[in-house]
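Student: Sending over run_22.tsv (TSV, C-alpha atoms).
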```tsv
chain	number	residue	atom	x	y	z
A	1059	MET	CA	25.99	10.13	-9.26
A	1060	HIS	CA	26.71	9.31	-5.63
A	1061	PHE	CA	25.25	9.41	-2.14
A	1062	MET	CA	26.96	9.37	1.23
A	1063	GLY	CA	26.31	6.06	2.98
A	1064	TYR	CA	27.44	3.96	5.92
A	1065	HIS	CA	29.62	1.06	4.75
A	1066	ARG	CA	29.02	-2.15	6.72
A	1067	ASP	CA	31.48	-4.98	7.25
A	1068	ASP	CA	29.25	-7.31	5.20
A	1069	GLY	CA	29.40	-5.02	2.16
A	1070	GLN	CA	25.96	-3.45	2.59
A	1071	ILE	CA	25.47	0.31	2.56
A	1072	GLY	CA	23.14	2.02	5.01
A	1073	VAL	CA	21.50	5.43	4.74
A	1074	ARG	CA	20.81	5.41	8.49
A	1075	ASN	CA	22.92	4.15	11.38
A	1076	HIS	CA	20.48	2.71	13.91
A	1077	VAL	CA	21.00	0.43	16.88
A	1078	ILE	CA	17.89	-1.62	17.60
A	1079	VAL	CA	16.60	-3.48	20.65
A	1080	ILE	CA	14.52	-6.54	19.71
A	1081	SER	CA	11.98	-8.41	21.82
A	1082	THR	CA	11.83	-12.17	21.44
A	1083	VAL	CA	8.23	-12.22	22.71
A	1084	SER	CA	5.45	-9.80	23.59
A	1085	CYS	CA	5.86	-10.54	27.32
A	1086	ILE	CA	9.23	-8.80	27.29
A	1087	ASN	CA	8.21	-5.70	25.31
A	1088	PRO	CA	8.21	-3.36	28.36
A	1089	VAL	CA	11.85	-4.19	29.14
A	1090	THR	CA	12.82	-3.72	25.49
A	1091	GLU	CA	11.12	-0.33	25.45
A	1092	GLN	CA	12.83	0.75	28.68
A	1093	ILE	CA	16.29	-0.13	27.34
A	1094	ALA	CA	15.58	1.71	24.10
A	1095	LYS	CA	14.24	4.78	25.89
A	1096	ALA	CA	17.26	4.96	28.20
A	1097	THR	CA	19.73	4.76	25.33
A	1098	GLY	CA	18.06	6.38	22.34
A	1099	ALA	CA	18.02	3.09	20.45
A	1100	ILE	CA	14.98	1.94	18.47
A	1101	PRO	CA	12.66	-0.64	20.09
A	1102	ILE	CA	11.44	-3.49	17.88
A	1103	THR	CA	8.47	-4.97	19.70
A	1104	HIS	CA	5.78	-7.35	18.45
A	1105	GLY	CA	3.09	-9.81	19.54
A	1106	CYS	CA	4.73	-13.05	18.43
A	1107	GLY	CA	7.46	-15.38	19.72
A	1108	CYS	CA	5.42	-17.77	21.85
A	1109	GLY	CA	2.24	-19.83	21.54
A	1110	GLN	CA	2.94	-20.37	17.84
A	1111	THR	CA	3.32	-23.59	15.90
A	1112	GLU	CA	6.92	-24.62	15.39
A	1113	GLU	CA	6.84	-23.56	11.73
A	1114	ASP	CA	5.33	-20.18	12.56
A	1115	TYR	CA	7.74	-19.26	15.35
A	1116	GLN	CA	10.67	-20.24	13.14
A	1117	LYS	CA	9.33	-17.89	10.47
A	1118	THR	CA	9.03	-15.14	13.07
A	1119	GLN	CA	12.60	-15.70	14.23
A	1120	TRP	CA	13.83	-15.76	10.64
A	1121	SER	CA	12.01	-12.49	9.86
A	1122	LEU	CA	13.39	-10.73	12.95
A	1123	ALA	CA	16.93	-11.81	12.07
A	1124	ARG	CA	16.63	-10.66	8.46
A	1125	TYR	CA	15.13	-7.35	9.61
A	1126	ALA	CA	18.11	-6.78	11.90
A	1127	GLU	CA	20.42	-7.44	8.94
A	1128	ASN	CA	19.01	-4.46	7.01
A	1129	PRO	CA	21.79	-2.08	5.87
A	1130	ASN	CA	20.38	0.73	8.04
A	1131	VAL	CA	21.08	-1.25	11.24
A	1132	ALA	CA	24.47	-0.83	12.93
A	1133	GLY	CA	23.88	-3.24	15.83
A	1134	ALA	CA	21.17	-5.30	17.51
A	1135	PHE	CA	20.51	-6.18	21.15
A	1136	VAL	CA	18.03	-9.00	21.82
A	1137	VAL	CA	15.89	-9.09	24.97
A	1138	GLY	CA	14.37	-12.41	26.02
A	1139	LEU	CA	12.33	-13.71	28.92
A	1140	GLY	CA	13.63	-17.27	28.95
A	1141	CYS	CA	10.60	-19.53	28.64
A	1142	GLU	CA	9.42	-18.49	25.15
A	1143	GLN	CA	9.87	-20.32	21.87
A	1144	ILE	CA	12.26	-17.78	20.33
A	1145	ASP	CA	15.45	-17.94	22.36
A	1146	ALA	CA	17.37	-14.67	22.75
A	1147	GLU	CA	20.80	-16.19	22.25
A	1148	ARG	CA	19.70	-18.19	19.22
A	1149	LEU	CA	18.17	-15.11	17.60
A	1150	ALA	CA	21.28	-13.03	18.30
A	1151	ASP	CA	23.45	-15.75	16.74
A	1152	GLU	CA	21.26	-15.89	13.63
A	1153	ILE	CA	21.77	-12.18	12.87
A	1154	ARG	CA	24.65	-12.04	10.38
A	1155	GLY	CA	27.11	-9.24	9.77
A	1156	LYS	CA	26.18	-7.08	12.79
A	1157	PRO	CA	27.40	-6.66	16.38
A	1158	THR	CA	24.85	-8.41	18.59
A	1159	ALA	CA	24.31	-9.17	22.27
A	1160	PHE	CA	21.44	-10.55	24.33
A	1161	VAL	CA	19.98	-10.89	27.80
A	1162	ARG	CA	17.34	-13.09	29.45
A	1163	THR	CA	15.45	-11.55	32.35
A	1164	SER	CA	14.74	-14.97	33.88
A	1165	GLU	CA	18.49	-15.47	34.36
A	1166	GLU	CA	19.56	-11.96	35.31
A	1167	GLY	CA	16.49	-10.57	37.03
A	1168	GLU	CA	14.71	-7.59	35.51
A	1169	ASN	CA	16.80	-4.83	37.09
A	1170	ALA	CA	20.10	-6.52	36.23
A	1171	ALA	CA	18.85	-7.26	32.72
A	1172	LEU	CA	17.96	-3.60	32.29
A	1173	SER	CA	21.40	-2.54	33.47
A	1174	LYS	CA	23.14	-4.98	31.16
A	1175	GLY	CA	20.95	-3.97	28.23
A	1176	ILE	CA	21.56	-0.26	28.76
A	1177	ARG	CA	25.31	-0.80	29.11
A	1178	ASP	CA	25.63	-3.01	26.03
A	1179	VAL	CA	23.39	-0.87	23.84
A	1180	ARG	CA	25.27	2.29	24.79
A	1181	GLY	CA	28.46	0.52	23.76
A	1182	MET	CA	26.93	-0.34	20.37
A	1183	ILE	CA	25.77	3.23	19.88
A	1184	LEU	CA	29.25	4.56	20.75
A	1185	SER	CA	30.81	2.23	18.17
A	1186	ALA	CA	28.20	3.18	15.56
A	1187	SER	CA	28.83	6.89	16.17
A	1188	LYS	CA	32.45	6.46	15.03
A	1189	LEU	CA	31.34	5.36	11.57
A	1190	ARG	CA	31.40	8.13	8.98
A	1191	ARG	CA	29.47	8.40	5.74
A	1192	GLU	CA	31.45	7.61	2.60
A	1193	GLU	CA	30.86	8.43	-1.04
A	1194	THR	CA	28.88	5.59	-2.61
A	1195	PRO	CA	27.59	5.07	-6.17
A	1196	LEU	CA	23.82	5.05	-6.62
A	1197	ASN	CA	23.94	1.43	-7.75
A	1198	LYS	CA	24.09	0.55	-4.05
A	1199	LEU	CA	20.70	2.13	-3.36
A	1200	ILE	CA	17.61	-0.08	-3.07
A	1201	LEU	CA	14.31	1.81	-3.07
A	1202	SER	CA	10.94	0.27	-2.26
A	1203	VAL	CA	7.86	2.00	-3.69
A	1204	GLN	CA	4.27	1.50	-2.64
A	1205	CYS	CA	0.95	3.28	-2.29
A	1206	GLY	CA	-1.62	3.32	0.47
A	1207	GLY	CA	-4.57	5.41	1.52
A	1208	SER	CA	-4.88	5.96	-2.23
A	1209	ASP	CA	-7.32	8.12	-4.13
A	1210	THR	CA	-7.76	9.25	-7.75
A	1211	THR	CA	-4.81	11.65	-7.49
A	1212	SER	CA	-2.51	8.74	-6.61
A	1213	GLY	CA	-3.08	7.23	-10.05
A	1214	LEU	CA	-3.10	10.57	-11.88
A	1215	ALA	CA	-0.14	12.28	-10.23
A	1216	SER	CA	1.75	10.66	-7.35
A	1217	ASN	CA	2.30	7.17	-8.76
A	1218	PRO	CA	3.42	8.28	-12.24
A	1219	ALA	CA	5.80	10.83	-10.67
A	1220	VAL	CA	7.33	8.15	-8.45
A	1221	GLY	CA	7.63	5.99	-11.54
A	1222	ALA	CA	9.61	8.75	-13.24
A	1223	ALA	CA	11.90	8.96	-10.20
A	1224	ALA	CA	12.30	5.18	-10.22
A	1225	ASP	CA	13.39	5.31	-13.86
A	1226	LEU	CA	16.05	7.89	-12.98
A	1227	LEU	CA	17.40	5.75	-10.14
A	1228	ILE	CA	17.53	2.63	-12.30
A	1229	GLU	CA	19.35	4.60	-15.02
A	1230	GLU	CA	22.04	5.21	-12.38
A	1231	GLY	CA	22.29	1.48	-11.67
A	1232	GLY	CA	20.00	1.46	-8.63
A	1233	THR	CA	17.32	-1.04	-7.67
A	1234	VAL	CA	13.58	-0.50	-7.19
A	1235	LEU	CA	11.24	-2.92	-5.44
A	1236	LEU	CA	7.68	-2.44	-6.62
A	1237	GLU	CA	4.41	-3.42	-4.93
A	1238	VAL	CA	1.69	-4.06	-7.48
A	1239	ALA	CA	0.04	-7.41	-7.78
A	1240	ALA	CA	-1.08	-7.84	-4.20
A	1241	PHE	CA	-4.46	-6.84	-5.60
A	1242	GLY	CA	-4.26	-9.11	-8.66
A	1243	GLU	CA	-4.70	-6.46	-11.37
A	1244	HIS	CA	-3.82	-8.90	-14.11
A	1245	ARG	CA	-6.69	-11.20	-13.08
A	1246	LEU	CA	-9.15	-8.35	-12.81
A	1247	LEU	CA	-8.31	-6.98	-16.24
A	1248	LYS	CA	-9.33	-10.10	-18.15
A	1249	ASN	CA	-12.95	-9.51	-17.15
A	1250	VAL	CA	-13.02	-5.75	-17.83
A	1251	THR	CA	-14.37	-4.40	-21.12
A	1252	ASP	CA	-14.58	-0.69	-20.25
A	1253	ARG	CA	-11.39	1.02	-21.45
A	1254	LYS	CA	-11.68	3.77	-18.82
A	1255	VAL	CA	-11.75	1.16	-16.05
A	1256	ILE	CA	-8.68	-0.54	-17.53
A	1257	GLU	CA	-6.78	2.75	-17.71
A	1258	ALA	CA	-7.72	3.67	-14.14
A	1259	LEU	CA	-6.62	0.28	-12.85
A	1260	TRP	CA	-3.26	0.39	-14.60
A	1261	ALA	CA	-2.70	3.98	-13.44
A	1262	ALA	CA	-2.20	2.56	-9.95
A	1263	THR	CA	0.80	0.60	-11.23
A	1264	ASP	CA	2.54	3.62	-12.79
A	1265	LYS	CA	4.84	3.98	-9.79
A	1266	GLY	CA	7.08	1.42	-11.51
A	1267	GLY	CA	7.87	3.89	-14.31
A	1268	ASN	CA	8.77	2.76	-17.81
A	1269	THR	CA	11.65	0.45	-16.97
A	1270	PRO	CA	11.04	-3.19	-17.97
A	1271	LEU	CA	10.35	-5.49	-15.03
A	1272	LYS	CA	13.41	-7.62	-14.36
A	1273	GLY	CA	11.86	-10.22	-12.09
A	1274	VAL	CA	9.35	-11.19	-9.41
A	1275	LEU	CA	10.57	-11.81	-5.87
A	1276	SER	CA	8.99	-12.98	-2.64
A	1277	TYR	CA	9.66	-11.19	0.61
A	1278	LYS	CA	12.10	-14.00	1.39
A	1279	GLU	CA	14.37	-12.99	-1.48
A	1280	LYS	CA	16.80	-10.18	-2.15
A	1281	PRO	CA	17.19	-8.69	-5.62
A	1282	PRO	CA	19.97	-10.52	-7.52
A	1283	GLY	CA	21.08	-7.33	-9.24
A	1284	PRO	CA	20.04	-3.78	-10.17
A	1285	GLY	CA	16.78	-2.99	-11.93
A	1286	LEU	CA	13.04	-3.08	-11.30
A	1287	TYR	CA	11.51	-5.99	-9.40
A	1288	HIS	CA	8.02	-6.78	-8.24
A	1289	VAL	CA	7.93	-8.07	-4.66
A	1290	THR	CA	4.83	-10.12	-3.98
A	1291	GLY	CA	3.17	-10.61	-0.62
A	1292	LYS	CA	1.22	-13.72	-1.64
A	1293	ASP	CA	3.28	-15.95	0.66
A	1294	TYR	CA	2.40	-14.22	3.92
A	1295	ILE	CA	-0.68	-13.14	5.82
A	1296	GLY	CA	-1.45	-9.99	7.78
A	1297	PHE	CA	-1.40	-7.53	4.88
A	1298	THR	CA	-1.47	-3.81	5.76
A	1299	ASP	CA	0.48	-0.83	4.43
A	1300	VAL	CA	2.81	-0.94	7.43
A	1301	THR	CA	3.20	-4.72	7.30
A	1302	GLU	CA	4.10	-4.61	3.64
A	1303	ALA	CA	6.57	-1.76	4.15
A	1304	THR	CA	8.14	-3.54	7.12
A	1305	MET	CA	8.51	-6.82	5.26
A	1306	ARG	CA	10.03	-5.04	2.24
A	1307	LEU	CA	13.00	-4.19	4.47
A	1308	LEU	CA	13.82	-7.91	4.61
A	1309	SER	CA	14.81	-7.59	0.95
A	1310	GLY	CA	17.43	-4.97	1.81
A	1311	SER	CA	15.59	-1.76	0.93
A	1312	GLN	CA	17.10	1.31	2.60
A	1313	ILE	CA	14.38	3.85	1.72
A	1314	ASN	CA	10.61	3.63	1.17
A	1315	CYS	CA	8.85	5.92	-1.31
A	1316	PHE	CA	5.17	6.02	-0.33
A	1317	THR	CA	2.35	7.66	-2.28
A	1318	THR	CA	-0.80	8.46	-0.34
A	1319	GLY	CA	-3.86	10.42	-1.30
A	1320	CYS	CA	-5.46	10.66	2.13
A	1321	GLY	CA	-2.20	11.52	3.96
A	1322	GLN	CA	-1.31	8.21	5.63
A	1323	PRO	CA	0.80	8.94	8.76
A	1324	MET	CA	2.98	5.84	8.38
A	1325	GLY	CA	6.68	5.78	9.22
A	1326	LEU	CA	9.16	2.93	9.59
A	1327	ALA	CA	11.33	2.04	12.55
A	1328	ILE	CA	14.65	1.78	10.71
A	1329	ALA	CA	14.12	3.28	7.24
A	1330	PRO	CA	13.11	6.75	6.05
A	1331	VAL	CA	9.73	7.02	4.33
A	1332	LEU	CA	9.52	9.68	1.62
A	1333	LYS	CA	5.83	10.57	1.21
A	1334	ILE	CA	4.28	11.90	-1.97
A	1335	ASN	CA	0.77	13.36	-2.06
A	1336	GLY	CA	-1.06	14.44	-5.21
A	1337	ASN	CA	-4.25	15.62	-3.49
A	1338	PRO	CA	-4.03	19.41	-3.02
A	1339	ILE	CA	-6.60	19.49	-0.22
A	1340	ASN	CA	-5.16	16.60	1.76
A	1341	TYR	CA	-1.61	17.80	1.19
A	1342	GLU	CA	-2.43	21.10	2.90
A	1343	LYS	CA	-4.15	19.27	5.76
A	1344	ASN	CA	-1.16	16.97	6.26
A	1345	ARG	CA	1.80	19.00	4.98
A	1346	GLU	CA	3.67	18.50	8.28
A	1347	ASN	CA	3.89	14.80	7.37
A	1348	MET	CA	4.12	14.97	3.55
A	1349	ASP	CA	7.46	15.41	1.79
A	1350	ILE	CA	6.47	16.04	-1.84
A	1351	ASN	CA	3.45	17.87	-3.24
A	1352	ALA	CA	2.64	16.29	-6.61
A	1353	SER	CA	-0.69	18.07	-7.11
A	1354	LYS	CA	0.74	20.63	-9.54
A	1355	ILE	CA	0.60	17.87	-12.14
A	1356	LEU	CA	-3.20	18.02	-11.97
A	1357	TYR	CA	-3.21	21.74	-12.82
A	1358	GLY	CA	-0.65	21.50	-15.61
A	1359	GLU	CA	1.83	23.57	-13.61
A	1360	GLU	CA	4.41	20.75	-13.59
A	1361	THR	CA	4.87	17.66	-15.71
A	1362	ILE	CA	5.14	14.13	-14.36
A	1363	GLU	CA	8.81	14.16	-15.33
A	1364	GLU	CA	9.47	17.43	-13.47
A	1365	VAL	CA	7.90	16.14	-10.25
A	1366	GLY	CA	9.78	12.86	-10.77
A	1367	LYS	CA	13.04	14.81	-10.84
A	1368	ARG	CA	12.04	16.54	-7.59
A	1369	ILE	CA	11.36	13.18	-5.99
A	1370	PHE	CA	14.67	11.82	-7.26
A	1371	THR	CA	16.53	14.84	-5.84
A	1372	ALA	CA	14.74	14.41	-2.51
A	1373	LEU	CA	15.62	10.72	-2.54
A	1374	ILE	CA	19.34	11.53	-2.82
A	1375	GLU	CA	19.03	14.12	-0.03
A	1376	VAL	CA	17.38	11.55	2.24
A	1377	ALA	CA	20.06	8.99	1.38
A	1378	ASN	CA	22.62	11.60	2.42
A	1379	GLY	CA	20.97	12.00	5.82
A	1380	LYS	CA	18.18	14.55	5.46
A	1381	LEU	CA	15.28	13.54	7.70
A	1382	THR	CA	11.88	12.83	6.20
A	1383	LYS	CA	8.75	14.32	7.73
A	1384	SER	CA	7.77	10.98	9.31
A	1385	GLU	CA	11.22	10.72	10.94
A	1386	ILE	CA	10.92	14.24	12.33
A	1387	MET	CA	7.48	13.40	13.73
A	1388	GLY	CA	8.79	10.22	15.35
A	1389	HIS	CA	6.67	7.78	13.34
A	1390	ARG	CA	8.62	4.53	13.71
A	1391	ASP	CA	6.26	1.67	12.88
A	1392	PHE	CA	7.05	-2.04	12.95
A	1393	VAL	CA	4.41	-4.64	12.12
A	1394	LEU	CA	5.58	-8.15	11.45
A	1395	GLY	CA	4.00	-10.21	8.68
A	1396	ILE	CA	3.57	-13.96	9.15
A	1397	PHE	CA	4.62	-16.15	6.23
A	1398	ALA	CA	1.95	-18.50	4.95
A	1399	GLY	CA	4.29	-20.87	3.11
A	1400	THR	CA	7.15	-23.06	4.28
A	1401	GLN	CA	10.25	-21.03	5.08
A	1402	LYS	CA	13.43	-22.17	3.41
```
Show the structure stored in the file as structure tokens.
Tutor:
Amino acid sequence: MHFMGYHRDDGQIGVRNHVIVISTVSCINPVTEQIAKATGAIPITHGCGCGQTEEDYQKTQWSLARYAENPNVAGAFVVGLGCEQIDAERLADEIRGKPTAFVRTSEEGENAALSKGIRDVRGMILSASKLRREETPLNKLILSVQCGGSDTTSGLASNPAVGAAADLLIEEGGTVLLEVAAFGEHRLLKNVTDRKVIEALWAATDKGGNTPLKGVLSYKEKPPGPGLYHVTGKDYIGFTDVTEATMRLLSGSQINCFTTGCGQPMGLAIAPVLKINGNPINYEKNRENMDINASKILYGEETIEEVGKRIFTALIEVANGKLTKSEIMGHRDFVLGIFAGTQK
């Protein structure tokens, strides 16, 4: 099977074709947002970049550069102030395989920096618009799967159905990045004697399907080949659903598959989020922001495998350009995680 993707010069394949505008520091976020608003680009703003230890700001710079290298990004413009720790030119130079440019407001003045930013970003967007989707085998697709705002139906319906979809993608040579052990299930299980508790706990991990786990990666690593991998967040702090999803993009994921029982309104700045809800009540309350209703599994109206096939079909449609509900609603979240260990 195939999908239609954007082929990058560095060999990566994107399912979206975004130009992003990145702040080096929180002080410059308003200028970044103005440039993005004037051009239709995506602003990447954050609260870091200054007042950090040397190790921490280097991790922040590294993370921003790797984020900009995601396959869904066609070009990156960096906006700096000039006195902060993360230098705009240095960050732009660190971003590999993409057209980049930068500006410092302290050198240009704010109005001139705005003009330059708008001009350069429009040029990037024009160049990106000339790129056409090409037929691409599914072995080039990297899917991240996670759950958040979970309830009982996540373990009974949504997660197993996503697991079935993950199996189908891996059968086609694709790659799946799984979030599981952030909660340390394996440590909890050794002290549990109630079989029902054990089954409920492992139900939350069903989103990995039945494919054998091929390896465990940190957020600093990209998968070495196709298959199922667990990506652990133990080496960074600031854990939230959005942080975890954002950091997963550093590993090259193009699409996020997100199961949520309560109807979490999360989206991502540069990657589509396909949302699966197995709670019939919450699905109806939030159907404008949910992509897949998995609740029929609970009533015996559909099997896990049947819903998994629906998710897999939707995944291919999204890879081909169909917008997810969170994209339509304009949910474009970016929350940077801070690594706790030494960055290599």
Student: Can you pull out every residue within 12 Å of Pro1282 in chain A, counting only C-alpha atoms, but drop anything in the same chain fewer than 6 positions away, and send it as a ChimeraX atom specification?
Tutor: /A:1200,1233-1235,1272-1275,1309-1310
Student: Set the distance at 12 Å and use all atoms listed in the file: which residues neighbour Ser1121 in chain A once local chain neighbours fewer than 2 positions away are removed? I'd like the list as a ChimeraX atom specification.
Tutor: /A:1080,1082,1104,1106-1107,1114-1119,1123-1128,1144,1149,1152-1153,1277-1279,1294,1304-1309,1392-1397,1401-1402
Student: Would you be able to write out as a VMD selection string which residues have an atom within 6 Å of (4.6, 7.3, 2.3) in the file's coordinates, counting all atoms listed in the file?
Tutor: chain A and resid 1315 to 1317 1331 to 1333
Student: Take CA of Glu1385 in chain A and CA of Gly1325 in chain A and report the distance between them in Å, one decimal.
Tutor: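 Calculated distance between CA of Glu1385 in chain A and CA of Gly1325 in chain A is 6.9 Å.
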Student: Tell me which protein, DNA and RNA residues are within 12 Å of Lys1343 in chain A, counting all atoms listed in the file, leaving out same-chain ones fewer than 4 positions away, and put them as a list in words.
Tutor: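 Near neighbours after the sequence-gap exclusion: Gly1319, Cys1320, Gly1321, Gln1322, Pro1323, Asn1335, Asn1337, Pro1338, Ile1339, Asn1347, Met1348 and Asn1351 of chain A.
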Student: Compare A:Leu1214, A:Ile1313, A:Ala1171, A:Met1387 by their minimum atom-to-atom distance to Gln1092 in chain A, counting only C-alpha atoms, and give me the closest one.
Tutor: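 When distances to Gln1092 in chain A are compared using only C-alpha atoms, the smallest one comes from A:Ala1171.
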Student: In Å, how far is it from CA of Ile1071 in chain A to CA of Leu1199 in chain A?
Tutor: 7.8 Å
Student: Which is closer to Glu1359 in chain A than all the others in A:Phe1135, A:Lys1174, A:Ala1215, A:Gly1155, using only C-alpha atoms?
Tutor: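 The shortest atom-to-atom distance to Glu1359 in chain A comes from A:Ala1215.
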Student: What gap, in Å, lies between CA of Tyr1064 in chain A and CA of Val1203 in chain A?
Tutor: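 CA of Val1203 in chain A lies at a distance of 21.9 Å from CA of Tyr1064 in chain A.
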Student: Write out as a list in words each polymer residue whose atoms come within 12 Å of Gly1140 in chain A, counting only C-alpha atoms; drop sequence neighbours fewer than 5 positions from it.
Tutor: Ser1081, Thr1082, Val1083, Cys1085, Ile1086, Gly1107, Cys1108, Asp1145, Ala1146, Glu1147, Arg1148, Phe1160, Val1161, Arg1162, Thr1163, Ser1164, Glu1165, Glu1166, Gly1167, Glu1168 and Ala1171 of chain A
Student: For the residues selected in the previous step, produce a file with C-alpha atoms as a CSV table (one decimal), in the coordinates of the input.
Tutor:
```csv
chain,number,residue,atom,x,y,z
A,1081,SER,CA,12.0,-8.4,21.8
A,1082,THR,CA,11.8,-12.2,21.4
A,1083,VAL,CA,8.2,-12.2,22.7
A,1085,CYS,CA,5.9,-10.5,27.3
A,1086,ILE,CA,9.2,-8.8,27.3
A,1107,GLY,CA,7.5,-15.4,19.7
A,1108,CYS,CA,5.4,-17.8,21.8
A,1145,ASP,CA,15.4,-17.9,22.4
A,1146,ALA,CA,17.4,-14.7,22.8
A,1147,GLU,CA,20.8,-16.2,22.2
A,1148,ARG,CA,19.7,-18.2,19.2
A,1160,PHE,CA,21.4,-10.6,24.3
A,1161,VAL,CA,20.0,-10.9,27.8
A,1162,ARG,CA,17.3,-13.1,29.4
A,1163,THR,CA,15.4,-11.6,32.4
A,1164,SER,CA,14.7,-15.0,33.9
A,1165,GLU,CA,18.5,-15.5,34.4
A,1166,GLU,CA,19.6,-12.0,35.3
A,1167,GLY,CA,16.5,-10.6,37.0
A,1168,GLU,CA,14.7,-7.6,35.5
A,1171,ALA,CA,18.8,-7.3,32.7
```
Student: Which residues are near Ala1224 in chain A? Cut-off 9 Å, only C-alpha atoms, ignore same chain within fewer than 5 positions. Put them as a PyMOL selection string.
Tutor: chain A and resi 1201+1203+1219+1229+1232-1234+1265-1269+1286+1366+1370
Student: With distances taken over all atoms listed in the file, which residue among A:Ala1303, A:Leu1356, A:Val1220, A:Ala1132 lies nearest Leu1373 in chain A?
Tutor: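 Going through A:Ala1303, A:Leu1356, A:Val1220, A:Ala1132 one by one, the smallest distance to Leu1373 in chain A is for A:Val1220.
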Student: Tell me which of A:Val1137, A:Gly1231, A:Asn1217, A:Leu1226 sits closest to Ile1350 in chain A, counting all atoms listed in the file.
Tutor: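 Residue with the minimum atom-to-atom distance to Ile1350 in chain A: A:Asn1217.
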Student: Which one is closest to Gln1110 in chain A: A:Thr1097, A:Ser1173, A:Asn1314, A:Gln1143? Count all atoms listed in the file.
Tutor: A:Gln1143
Student: For Glu1363 in chain A, which residue out of A:Asp1068, A:Arg1177, A:Ser1216, A:Glu1112 is the nearest one, using all atoms listed in the file?
Tutor: A:Ser1216
Student: Given only C-alpha atoms, how would the per-residue table for range 1099-1138 of chain A near range 1182-1186 of chain A read, listing every residue at most 12 Å away with its closest atom pair and distance in Å to one decimal, sorted by chain and number, as a Markdown table?
Tutor:
```
| residue | atom | partner | partner_atom | distance |
| --- | --- | --- | --- | --- |
| A:Ala1099 | CA | A:Ile1183 | CA | 7.8 |
| A:Ile1100 | CA | A:Ile1183 | CA | 11.0 |
| A:Asn1130 | CA | A:Ala1186 | CA | 11.1 |
| A:Val1131 | CA | A:Ala1186 | CA | 9.4 |
| A:Ala1132 | CA | A:Ala1186 | CA | 6.1 |
| A:Gly1133 | CA | A:Met1182 | CA | 6.2 |
| A:Ala1134 | CA | A:Met1182 | CA | 8.1 |
| A:Phe1135 | CA | A:Met1182 | CA | 8.7 |
```
Student: Now that the selection is made, can you save its residues with C-alpha atoms as a compact mmCIF listing (two decimals), keeping the file's coordinate frame?
Tutor:
```txt
# COMPACT_ATOMS: atom_id res chain seq x y z
CA ALA A 1099 18.02 3.09 20.45
CA ILE A 1100 14.98 1.94 18.47
CA ASN A 1130 20.38 0.73 8.04
CA VAL A 1131 21.08 -1.25 11.24
CA ALA A 1132 24.47 -0.83 12.93
CA GLY A 1133 23.88 -3.24 15.83
CA ALA A 1134 21.17 -5.30 17.51
CA PHE A 1135 20.51 -6.18 21.15
```
